[in-house]
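This is final_39.txt (compact mmCIF, C-alpha atoms).
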```txt
# COMPACT_ATOMS: atom_id res chain seq x y z
CA MET D 15 -20.09 23.10 1.55
CA ASP D 16 -16.85 21.46 2.66
CA TRP D 17 -16.77 17.78 1.82
CA THR D 18 -15.90 16.84 5.42
CA GLU D 19 -19.21 18.35 6.48
CA SER D 20 -21.29 16.49 3.93
CA SER D 21 -23.03 13.21 4.57
CA LEU D 22 -20.78 10.56 3.08
CA ASN D 23 -21.48 6.90 2.63
CA SER D 24 -18.78 5.21 4.70
CA SER D 25 -19.26 1.78 3.17
CA TYR D 26 -15.86 2.11 1.50
CA LEU D 27 -14.11 1.75 4.84
CA VAL D 28 -13.73 -1.38 6.90
CA GLY D 29 -15.26 -1.10 10.35
CA SER D 30 -17.78 1.67 9.71
CA ALA D 31 -21.19 1.20 11.22
CA ASP D 32 -23.07 0.84 7.96
CA SER D 33 -20.36 -0.78 5.90
CA THR D 34 -20.67 -4.04 4.07
CA PRO D 35 -19.65 -6.70 6.58
CA ARG D 36 -16.33 -8.37 6.03
CA PRO D 37 -16.97 -11.90 4.76
CA GLU D 38 -16.52 -14.63 7.33
CA ASN D 39 -14.82 -17.69 5.96
CA LYS D 40 -16.13 -20.54 8.07
CA LYS D 41 -13.91 -23.03 6.31
CA ILE D 42 -10.16 -22.85 6.51
CA SER D 43 -8.64 -21.70 3.22
CA ASP D 44 -6.87 -24.19 0.95
CA VAL D 45 -3.52 -22.46 1.26
CA ARG D 46 -3.76 -22.34 5.07
CA ARG D 47 -4.74 -26.02 5.17
CA THR D 48 -1.70 -26.83 3.03
CA PHE D 49 0.50 -24.94 5.47
CA CYS D 50 -0.94 -26.88 8.43
CA LEU D 51 -0.32 -30.17 6.65
CA PHE D 52 3.27 -29.09 5.97
CA VAL D 53 3.74 -28.22 9.65
CA THR D 54 2.50 -31.69 10.61
CA PHE D 55 4.84 -33.27 8.05
CA ASP D 56 7.69 -31.18 9.47
CA PHE D 57 7.05 -32.56 12.95
CA LEU D 58 6.78 -36.19 11.85
CA PHE D 59 9.76 -36.06 9.48
CA VAL D 60 12.12 -34.19 11.79
CA GLY D 61 10.97 -36.29 14.72
CA LEU D 62 11.82 -39.41 12.75
CA LEU D 63 15.27 -38.02 11.91
CA TRP D 64 16.14 -36.95 15.40
CA LEU D 65 14.23 -39.73 17.13
CA THR D 66 14.05 -38.54 20.73
CA GLU D 67 16.65 -35.74 20.64
CA LEU D 68 14.60 -32.97 19.08
CA ASN D 69 11.16 -34.53 19.00
CA CYS D 70 10.09 -32.45 21.98
CA LEU D 71 11.00 -29.16 20.23
CA GLY D 72 9.24 -30.30 17.03
CA ALA D 73 6.10 -31.14 19.00
CA VAL D 74 6.06 -27.74 20.69
CA ARG D 75 6.56 -25.89 17.39
CA CYS D 76 3.91 -27.98 15.64
CA THR D 77 1.41 -27.38 18.46
CA MET D 78 1.99 -23.62 18.55
CA LEU D 79 1.67 -23.22 14.77
CA LEU D 80 -1.44 -25.37 14.45
CA LEU D 81 -3.11 -23.54 17.32
CA ALA D 82 -2.21 -20.14 15.88
CA TYR D 83 -2.99 -20.72 12.20
CA ALA D 84 -5.55 -23.55 12.22
CA LEU D 85 -7.58 -23.03 15.38
CA PHE D 86 -7.33 -19.28 15.98
CA ARG D 87 -6.85 -18.33 12.28
CA LEU D 88 -4.06 -15.87 13.09
CA LYS D 89 -3.55 -13.34 10.26
CA HIS D 90 -0.01 -12.30 11.12
CA TRP D 91 3.45 -13.80 10.69
CA TRP D 92 4.72 -13.18 14.23
CA MET D 93 4.03 -16.71 15.53
CA VAL D 94 5.86 -18.51 12.73
CA ALA D 95 8.69 -15.97 13.03
CA LEU D 96 8.97 -16.64 16.76
CA THR D 97 9.02 -20.42 16.38
CA THR D 98 11.53 -20.18 13.54
CA PHE D 99 13.86 -18.04 15.63
CA VAL D 100 13.67 -20.39 18.63
CA SER D 101 14.10 -23.50 16.48
CA SER D 102 17.06 -22.03 14.58
CA ALA D 103 18.78 -20.95 17.78
CA PHE D 104 18.20 -24.39 19.32
CA LEU D 105 19.58 -26.13 16.25
CA ILE D 106 22.76 -24.08 16.30
CA VAL D 107 23.33 -24.72 20.00
CA LYS D 108 22.49 -28.41 19.59
CA VAL D 109 25.00 -28.85 16.78
CA ILE D 110 27.74 -27.20 18.83
CA ILE D 111 27.04 -29.11 22.03
CA SER D 112 26.32 -32.56 20.61
CA GLN D 113 29.14 -32.42 18.00
CA LEU D 114 26.84 -33.86 15.34
CA LEU D 115 29.19 -32.86 12.56
CA LYS D 116 31.65 -35.51 13.73
CA GLN D 117 29.09 -38.30 13.23
CA GLY D 118 29.46 -38.56 9.46
CA ALA D 119 27.01 -37.65 6.68
CA LEU D 120 23.92 -38.06 8.85
CA GLY D 121 25.30 -35.50 11.26
CA TYR D 122 25.19 -32.92 8.46
CA VAL D 123 21.85 -33.95 6.94
CA ILE D 124 19.76 -33.82 10.13
CA PRO D 125 20.45 -30.19 11.19
CA ILE D 126 20.41 -28.88 7.60
CA VAL D 127 17.02 -30.45 6.82
CA SER D 128 15.59 -29.28 10.14
CA PHE D 129 16.86 -25.74 9.52
CA ILE D 130 15.45 -25.60 5.99
CA LEU D 131 12.00 -26.85 7.00
CA VAL D 132 11.41 -24.20 9.66
CA TRP D 133 12.43 -21.39 7.29
CA VAL D 134 10.23 -22.79 4.52
CA GLU D 135 7.31 -22.50 6.94
CA THR D 136 8.10 -18.81 7.51
CA TRP D 137 8.28 -18.19 3.77
CA PHE D 138 5.02 -20.07 3.19
CA VAL D 139 3.06 -17.93 5.69
CA ASP D 140 4.47 -14.58 4.56
CA PHE D 141 4.41 -15.15 0.79
CA LYS D 142 1.53 -17.58 0.28
CA VAL D 143 -0.98 -17.90 3.13
CA LEU D 144 -1.52 -14.29 4.19
CA PRO D 145 -1.34 -12.56 0.74
CA GLN D 146 -3.68 -15.07 -0.92
CA GLU D 147 -6.22 -14.85 1.88
CA ILE D 148 -6.23 -11.05 1.68
CA LYS D 149 -6.84 -11.19 -2.08
CA GLU D 150 -9.66 -13.68 -1.62
CA GLU D 151 -11.23 -11.55 1.11
CA ASN D 152 -11.14 -8.45 -1.11
CA ARG D 153 -12.66 -10.42 -3.98
CA GLN D 154 -15.54 -11.57 -1.79
CA LEU D 155 -16.10 -8.03 -0.53
CA GLN D 156 -16.35 -6.75 -4.08
CA SER D 157 -18.79 -9.53 -4.93
CA GLN D 158 -20.94 -8.59 -1.94
CA GLN D 159 -20.94 -4.94 -2.99
CA SER D 160 -22.01 -5.86 -6.53
CA GLY D 161 -24.75 -8.10 -5.18
CA SER D 162 -26.04 -5.40 -2.83
CA GLY D 163 -26.31 -2.82 -5.59
CA GLN D 164 -23.25 -0.77 -4.64
CA ALA D 165 -20.95 0.35 -7.39
CA PRO D 166 -17.82 -1.82 -7.51
CA LEU D 167 -14.63 -0.06 -6.47
CA ILE D 168 -12.34 -1.66 -9.03
CA TYR D 169 -13.13 -0.57 -12.56
CA PRO D 170 -11.79 -1.65 -15.94
CA ARG D 171 -8.90 0.54 -16.92
CA PRO D 172 -9.05 1.88 -20.48
CA LEU D 173 -6.33 2.80 -22.86
CA SER D 174 -6.06 6.38 -24.05
CA ASP D 175 -4.69 8.50 -26.85
CA PRO D 176 -0.87 8.42 -26.70
CA HIS D 177 0.19 11.52 -28.64
CA PHE D 178 -1.00 14.26 -26.35
CA TYR D 179 0.92 16.24 -23.79
CA SER D 180 0.09 19.44 -22.01
CA PRO D 181 1.01 20.52 -18.50
CA PRO D 182 -1.95 21.24 -16.23
CA SER D 183 -2.32 25.01 -16.33
CA SER D 184 -5.54 25.46 -14.37
CA LEU D 185 -6.08 22.63 -11.96
CA ALA D 186 -8.80 23.85 -9.72
CA GLY D 187 -12.40 24.82 -9.44
CA SER D 188 -15.64 23.52 -8.05
CA ASP D 189 -17.58 20.38 -8.90
CA ASP D 190 -20.01 22.45 -10.92
CA ASP D 191 -17.13 23.91 -12.94
CA SER D 192 -15.91 20.40 -13.65
CA ASP D 193 -19.25 19.23 -14.98
CA GLU D 194 -19.47 22.34 -17.15
CA ASP D 195 -15.96 21.76 -18.54
CA GLU D 196 -16.85 18.19 -19.46
CA THR D 197 -19.94 19.28 -21.37
CA LYS D 198 -18.09 22.08 -23.17
CA LYS D 199 -15.27 19.84 -24.32
CA ASN D 200 -16.02 16.90 -26.56
CA LEU D 201 -14.33 14.04 -24.73
CA THR D 202 -13.67 10.65 -26.26
CA TRP D 203 -15.01 7.59 -24.45
CA ARG D 204 -11.50 6.92 -23.18
CA GLU D 205 -11.21 10.43 -21.77
CA LYS D 206 -14.63 10.09 -20.16
CA GLU D 207 -13.43 6.90 -18.53
CA TYR D 208 -10.41 8.75 -17.13
CA VAL D 209 -12.77 11.39 -15.73
CA ARG D 210 -14.96 8.69 -14.20
CA GLN D 211 -11.97 6.96 -12.60
CA GLY D 212 -10.81 10.30 -11.23
CA LYS D 213 -14.20 10.97 -9.64
CA ILE D 214 -14.22 7.48 -8.09
CA SER D 215 -10.77 8.01 -6.59
CA MET D 216 -11.82 11.40 -5.21
CA GLU D 217 -14.90 9.99 -3.52
CA VAL D 218 -13.11 7.00 -1.96
CA MET D 219 -10.23 9.18 -0.75
CA LYS D 220 -12.65 11.59 0.90
CA GLN D 221 -14.27 8.63 2.63
CA THR D 222 -10.88 7.51 3.90
CA LEU D 223 -10.01 10.95 5.24
CA SER D 224 -13.42 11.48 6.85
CA ARG D 225 -13.14 8.36 9.04
CA GLN D 226 -10.06 9.13 11.10
CA ASP D 227 -11.50 7.03 13.92
CA LEU D 228 -10.47 3.98 11.86
CA TRP D 229 -6.82 5.02 11.58
CA SER D 230 -4.17 3.19 13.60
CA PHE D 231 -0.94 4.92 14.63
CA ASP D 232 2.17 3.43 13.01
CA LYS D 233 5.17 5.69 13.59
CA LYS D 234 6.27 9.30 14.12
CA SER D 235 9.32 11.21 12.92
CA GLU D 236 11.51 13.70 14.77
CA TYR D 237 9.70 16.52 12.93
CA GLY D 238 6.33 15.41 14.26
CA ASP D 239 5.21 13.81 11.00
CA VAL D 240 2.92 10.85 11.71
CA ILE D 241 2.13 7.69 9.73
CA TYR D 242 -1.27 6.05 10.21
CA ILE D 243 -2.62 2.79 8.78
CA THR D 244 -6.18 1.84 7.87
CA ASP D 245 -7.97 -0.70 5.68
CA VAL D 246 -10.12 0.43 2.76
CA THR D 247 -12.69 -1.99 1.44
CA GLY D 248 -11.72 -3.29 -1.98
CA TYR D 249 -8.21 -1.85 -1.76
CA GLY D 250 -6.72 -3.16 1.48
CA ARG D 251 -3.92 -1.66 3.56
CA THR D 252 -3.68 2.13 3.20
CA TYR D 253 -0.99 4.42 4.65
CA ILE D 254 -1.65 8.02 5.65
CA LEU D 255 1.01 10.65 6.28
CA LYS D 256 0.11 13.77 8.27
CA ALA D 257 2.64 16.61 8.28
CA VAL D 258 2.52 20.27 9.33
CA LEU D 259 4.55 22.43 6.96
CA ASP D 260 5.75 26.04 7.21
CA ALA D 261 4.22 27.08 3.91
CA THR D 262 0.84 28.11 2.55
CA PRO D 263 -1.45 25.44 1.07
CA GLU D 264 -0.95 27.02 -2.36
CA ALA D 265 2.82 26.58 -2.17
CA VAL D 266 2.59 22.98 -0.95
CA PHE D 267 0.02 22.02 -3.58
CA ASP D 268 2.14 23.55 -6.32
CA GLU D 269 5.10 21.38 -5.35
CA VAL D 270 3.33 18.04 -4.92
CA VAL D 271 0.75 18.33 -7.72
CA VAL D 272 1.05 21.28 -10.11
CA HIS D 273 4.81 20.98 -10.62
CA ILE D 274 4.82 17.21 -10.47
CA GLU D 275 7.41 16.91 -13.25
CA VAL D 276 9.94 18.76 -11.09
CA MET D 277 9.47 16.39 -8.14
CA PRO D 278 12.50 14.14 -8.95
CA GLN D 279 14.76 17.15 -8.28
CA TRP D 280 13.94 17.16 -4.57
CA ASN D 281 12.24 13.80 -3.92
CA LYS D 282 14.91 11.11 -4.34
CA ALA D 283 12.31 8.35 -4.09
CA ILE D 284 11.13 9.34 -7.60
CA THR D 285 13.49 9.16 -10.57
CA GLU D 286 11.01 10.18 -13.27
CA SER D 287 7.68 12.00 -13.27
CA GLN D 288 5.84 13.00 -16.42
CA VAL D 289 2.39 14.23 -17.43
CA LEU D 290 1.20 11.96 -20.23
CA GLN D 291 -2.16 13.56 -21.01
CA ARG D 292 -4.29 16.46 -19.91
CA VAL D 293 -7.90 15.28 -20.20
CA GLU D 294 -9.65 18.40 -18.89
CA ASP D 295 -9.04 20.99 -16.19
CA HIS D 296 -9.60 18.53 -13.36
CA THR D 297 -8.21 15.30 -14.80
CA PHE D 298 -4.79 14.29 -16.13
CA VAL D 299 -2.69 11.14 -16.50
CA THR D 300 0.86 10.83 -15.21
CA TYR D 301 3.77 8.40 -15.32
CA GLU D 302 6.17 7.93 -12.40
CA VAL D 303 9.20 5.73 -11.75
CA ALA D 304 9.98 4.96 -8.12
CA ALA D 305 13.61 4.42 -7.15
CA SER D 306 14.80 1.21 -5.54
CA ALA D 307 14.08 0.96 -1.82
CA ALA D 308 15.04 -1.01 1.28
CA ARG D 309 18.74 -0.82 0.33
CA GLY D 310 18.06 -2.33 -3.07
CA LEU D 311 15.89 -5.22 -1.87
CA ILE D 312 12.92 -3.59 -3.64
CA SER D 313 13.76 -2.85 -7.27
CA PRO D 314 12.42 0.23 -9.13
CA ARG D 315 8.71 0.28 -10.00
CA ASP D 316 6.80 2.39 -12.49
CA PHE D 317 3.20 3.59 -12.27
CA VAL D 318 0.61 5.08 -14.63
CA THR D 319 -1.91 7.13 -12.66
CA VAL D 320 -5.08 9.04 -13.47
CA ARG D 321 -5.38 12.08 -11.20
CA ARG D 322 -8.23 14.38 -10.32
CA VAL D 323 -7.82 17.78 -8.65
CA GLU D 324 -10.25 20.03 -6.84
CA ARG D 325 -9.72 23.36 -5.13
CA ARG D 326 -11.85 24.69 -2.28
CA PRO D 327 -11.35 27.67 0.03
CA ASP D 328 -8.30 26.86 2.16
CA ARG D 329 -8.25 23.28 0.84
CA PHE D 330 -6.51 21.66 -2.14
CA ILE D 331 -7.25 18.06 -3.09
CA SER D 332 -5.63 15.68 -5.56
CA SER D 333 -6.73 12.05 -5.82
CA GLY D 334 -5.65 9.24 -8.12
CA MET D 335 -5.53 5.56 -8.95
CA SER D 336 -3.73 3.33 -11.43
CA THR D 337 -4.82 3.26 -15.05
CA THR D 338 -3.28 2.43 -18.44
CA HIS D 339 -2.00 4.58 -21.28
CA ASP D 340 -0.69 3.69 -24.72
CA ALA D 341 2.29 6.00 -24.26
CA ARG D 342 3.61 3.90 -21.38
CA PRO D 343 2.85 0.19 -21.88
CA VAL D 344 4.20 -2.42 -19.50
CA HIS D 345 7.68 -3.60 -20.46
CA ASP D 346 10.09 -6.23 -19.18
CA GLY D 347 12.73 -3.79 -17.98
CA ILE D 348 10.80 -2.65 -14.89
CA VAL D 349 8.04 -3.96 -12.63
CA ARG D 350 4.70 -2.17 -13.12
CA GLY D 351 3.21 -1.33 -9.73
CA GLU D 352 -0.48 -0.69 -9.15
CA ASN D 353 -1.86 2.15 -7.06
CA GLY D 354 -5.18 1.91 -5.31
CA VAL D 355 -6.96 5.10 -4.34
CA GLY D 356 -4.68 7.76 -2.87
CA GLY D 357 -3.57 11.34 -3.20
CA PHE D 358 -2.89 14.60 -1.37
CA VAL D 359 -5.08 16.89 0.71
CA VAL D 360 -3.59 20.22 1.80
CA ASP D 361 -5.44 22.32 4.40
CA ARG D 362 -4.63 25.71 5.83
CA ASN D 363 -3.56 25.41 9.45
CA ARG D 364 -6.33 26.90 11.58
CA HIS D 365 -3.86 28.14 14.20
CA ASN D 366 -1.34 29.61 11.77
CA HIS D 367 -2.50 30.65 8.30
CA GLU D 368 1.09 30.67 7.05
CA GLN D 369 1.28 26.93 7.73
CA SER D 370 -0.49 24.03 6.07
CA VAL D 371 -1.47 20.51 7.06
CA LEU D 372 -0.64 17.88 4.45
CA HIS D 373 -2.27 14.46 4.27
CA TRP D 374 -0.81 11.94 1.83
CA ILE D 375 -2.95 8.85 1.36
CA LEU D 376 -1.02 5.94 -0.18
CA ASN D 377 -2.42 2.58 -1.28
CA THR D 378 -0.09 0.63 -3.53
CA ASP D 379 0.73 -2.87 -4.66
CA LEU D 380 4.41 -3.08 -5.55
CA LYS D 381 3.90 -6.48 -7.19
CA GLY D 382 6.54 -9.14 -7.07
CA LYS D 383 7.18 -11.57 -4.23
CA LEU D 384 8.02 -9.18 -1.40
CA PRO D 385 7.62 -9.89 2.34
CA GLY D 386 4.77 -7.91 3.86
CA TYR D 387 6.86 -6.50 6.71
CA LEU D 388 9.52 -5.29 4.23
CA VAL D 389 6.91 -3.43 2.16
CA GLN D 390 5.34 -1.87 5.25
CA GLN D 391 8.65 -0.60 6.62
CA SER D 392 9.73 0.63 3.20
CA LEU D 393 6.53 2.56 2.45
CA ALA D 394 6.48 4.20 5.87
CA GLY D 395 10.11 5.23 5.43
CA VAL D 396 9.48 6.62 1.94
CA MET D 397 6.56 8.71 3.22
CA LEU D 398 8.52 10.18 6.12
CA ASP D 399 11.47 10.93 3.81
CA PHE D 400 9.04 12.61 1.42
CA ALA D 401 7.82 14.95 4.16
CA GLU D 402 11.38 15.80 5.19
CA ASN D 403 12.48 16.44 1.59
CA LEU D 404 9.39 18.56 0.91
CA ARG D 405 10.08 20.57 4.04
CA LYS D 406 13.66 21.25 2.82
CA ARG D 407 12.36 22.16 -0.64
CA LEU D 408 9.89 24.70 0.76
CA ARG D 409 12.54 26.15 3.07
CA GLY D 410 14.93 26.57 0.15
CA MET D 411 12.28 28.30 -1.92
CA ARG D 412 11.57 30.78 0.89
CA LEU D 413 15.26 31.60 1.22
CA ALA D 414 15.58 32.08 -2.53
CA VAL D 415 12.87 34.73 -2.61
```

Mind turning this structure into structure tokens?
Amino acid sequence: MDWTESSLNSSYLVGSADSTPRPENKKISDVRRTFCLFVTFDFLFVGLLWLTELNCLGAVRCTMLLLAYALFRLKHWWMVALTTFVSSAFLIVKVIISQLLKQGALGYVIPIVSFILVWVETWFVDFKVLPQEIKEENRQLQSQQSGSGQAPLIYPRPLSDPHFYSPPSSLAGSDDDSDEDETKKNLTWREKEYVRQGKISMEVMKQTLSRQDLWSFDKKSEYGDVIYITDVTGYGRTYILKAVLDATPEAVFDEVVVHIEVMPQWNKAITESQVLQRVEDHTFVTYEVAASAARGLISPRDFVTVRRVERRPDRFISSGMSTTHDARPVHDGIVRGENGVGGFVVDRNRHNHEQSVLHWILNTDLKGKLPGYLVQQSLAGVMLDFAENLRKRLRGMRLAV
């Protein structure tokens, strides 16, 4: 039976009817309270500096921010961005019109301090308030799942044997075949943990794909490729690429999964891709290095991923999540990113059997202090570029035949 037809527990996804309810924080978080206190200080301090000249603007900005982030608990940066833009523009105009710079040292200090304070507020919301609240919310969700008897979605990540390398030669089969392979082969406890992580990632990814009613449209490319966004319990923001490709599912799956070590040749977002260990026919561990993004604002990241593959009639599935491996420890030269559950699903197009429909599910934490909007724009751009580069790769392979 196809997994989309089976009865799946949708508790992994936020917003499903029987999912674990998202925790409601009745009290304002410490970091949000600190931000509100800073906003109040900003108003009083700048009002004291400017006396009556800019006190009105400070009062308006203070009121808007406290209403948005204290009363209504806004979980987005747009309000602080709007007030920062208006305040900055007003400051520039005020300096030009009032000729403050001709009034000595105080004429320099007042606008500079005012300008710095409003931008500090923007930084505080985007880098401190919102990310910390998301982490705390996910932690509470995981605690609720553990208390209700559900299996936690974040598992300890084991180390594994470093001196083993073999490319995946036979990646597909049924679930029954997988269980039989695991019993035939004597796996170490580390390898069994890799298998377990792979099965967890496969189940969660299937849940994500089965609840398309929870996806929100993000953007669309000129080729018709679409990016959707959803929230997965325990993992957070997840991006989904849907692309129709002029190639069979077998050809697409070979390029994105089977021949993963060749990917840097056509996907410029990846500079290195290596299979570290073949655990069994359905499970292997890989290492990837992502190139810098957002015109260098996001430095290269590396990832160690455990992957599981399954093959069904007219459907090819590969799921994965971050793990650890002795062959690729964390080092100071590059930031180690962390992937939540994600992977590829390739279906045969029902209307044209020579075409395939690709879904790429991406959940990643790039680590480092990066603005949320920058990460969102960068990831969406990388996914659309991936689809375009894959389309060119498949076209080139057809012409070469």

Could you tell me how far atom CA of Leu408 of chain D sits from atom CA of Asp260 of chain D, in Å to one decimal place?
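A separation of 7.8 Å between them.
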
From the list D:Ile42, D:Met219, D:Val289, D:Cys50, which residue is nearest Met277 of chain D when using all atoms listed in the file?
D:Val289

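If you look at atom CA of Leu96 of chain D and atom CA of Phe57 of chain D, they are 16.5 Å away from each other.
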
Which one of D:Leu79, D:Val303, D:Val349, D:Val132 sits closest to Ser101 of chain D if you count only C-alpha atoms?
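Ranked by minimum distance to Ser101 of chain D, first place goes to D:Val132.
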
Who sits within 10 Å of segment 330-333 of chain D, all atoms listed in the file, same chain under 6 positions skipped, as a ChimeraX atom specification
/D:185-187,211-220,263-264,266-268,270-272,296-297,319-324,355-362,372-375

Pick from D:Leu259, D:Val389, D:Ala304, D:Leu223 nearest to Pro278 of chain D, counting all atoms listed in the file
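The answer is D:Ala304, which sits nearest to Pro278 of chain D.
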
Just give me the gap between atom CA of Leu290 of chain D and atom CA of Met335 of chain D in Å, one decimal is fine.
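Rounded to one decimal, the two atoms are 14.6 Å apart.
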
Taking all atoms listed in the file into account, which of D:Arg87, D:Ile284, D:Leu228, D:Val74 comes nearest Val100 of chain D?
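Checking each of D:Arg87, D:Ile284, D:Leu228, D:Val74 against Val100 of chain D, counting all atoms listed in the file, the winner is D:Val74.
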
Do you know which residues are at most 12 Å from Leu384 of chain D counting only C-alpha atoms, after dropping those on the same chain fewer than 3 positions away, and could you put them as a ChimeraX atom specification?
/D:137,140-142,145,307-308,311-313,379-381,387-392

Using all atoms listed in the file, determine which residues lie at most 9 Å from Asp399 of chain D, disregarding the query and same-chain residues fewer than 6 positions distant; provide the list as a PyMOL selection string.
chain D and resi 281-283

Within 9 Å of Met93 of chain D, counting only C-alpha atoms, which residues show up once you throw out same-chain ones fewer than 5 positions away? Write them as a PyMOL selection string, please.
chain D and resi 78-79+82-83+88+98

Keeping C-alpha atoms, export the residues of the selection given above as a short mmCIF file (atom, residue, chain, number, x, y, z; two decimals), keeping the file's coordinate frame.
```cif
data_model
loop_
_atom_site.label_atom_id
_atom_site.label_comp_id
_atom_site.auth_asym_id
_atom_site.auth_seq_id
_atom_site.Cartn_x
_atom_site.Cartn_y
_atom_site.Cartn_z
CA MET D 78 1.99 -23.62 18.55
CA LEU D 79 1.67 -23.22 14.77
CA ALA D 82 -2.21 -20.14 15.88
CA TYR D 83 -2.99 -20.72 12.20
CA LEU D 88 -4.06 -15.87 13.09
CA THR D 98 11.53 -20.18 13.54
#
```
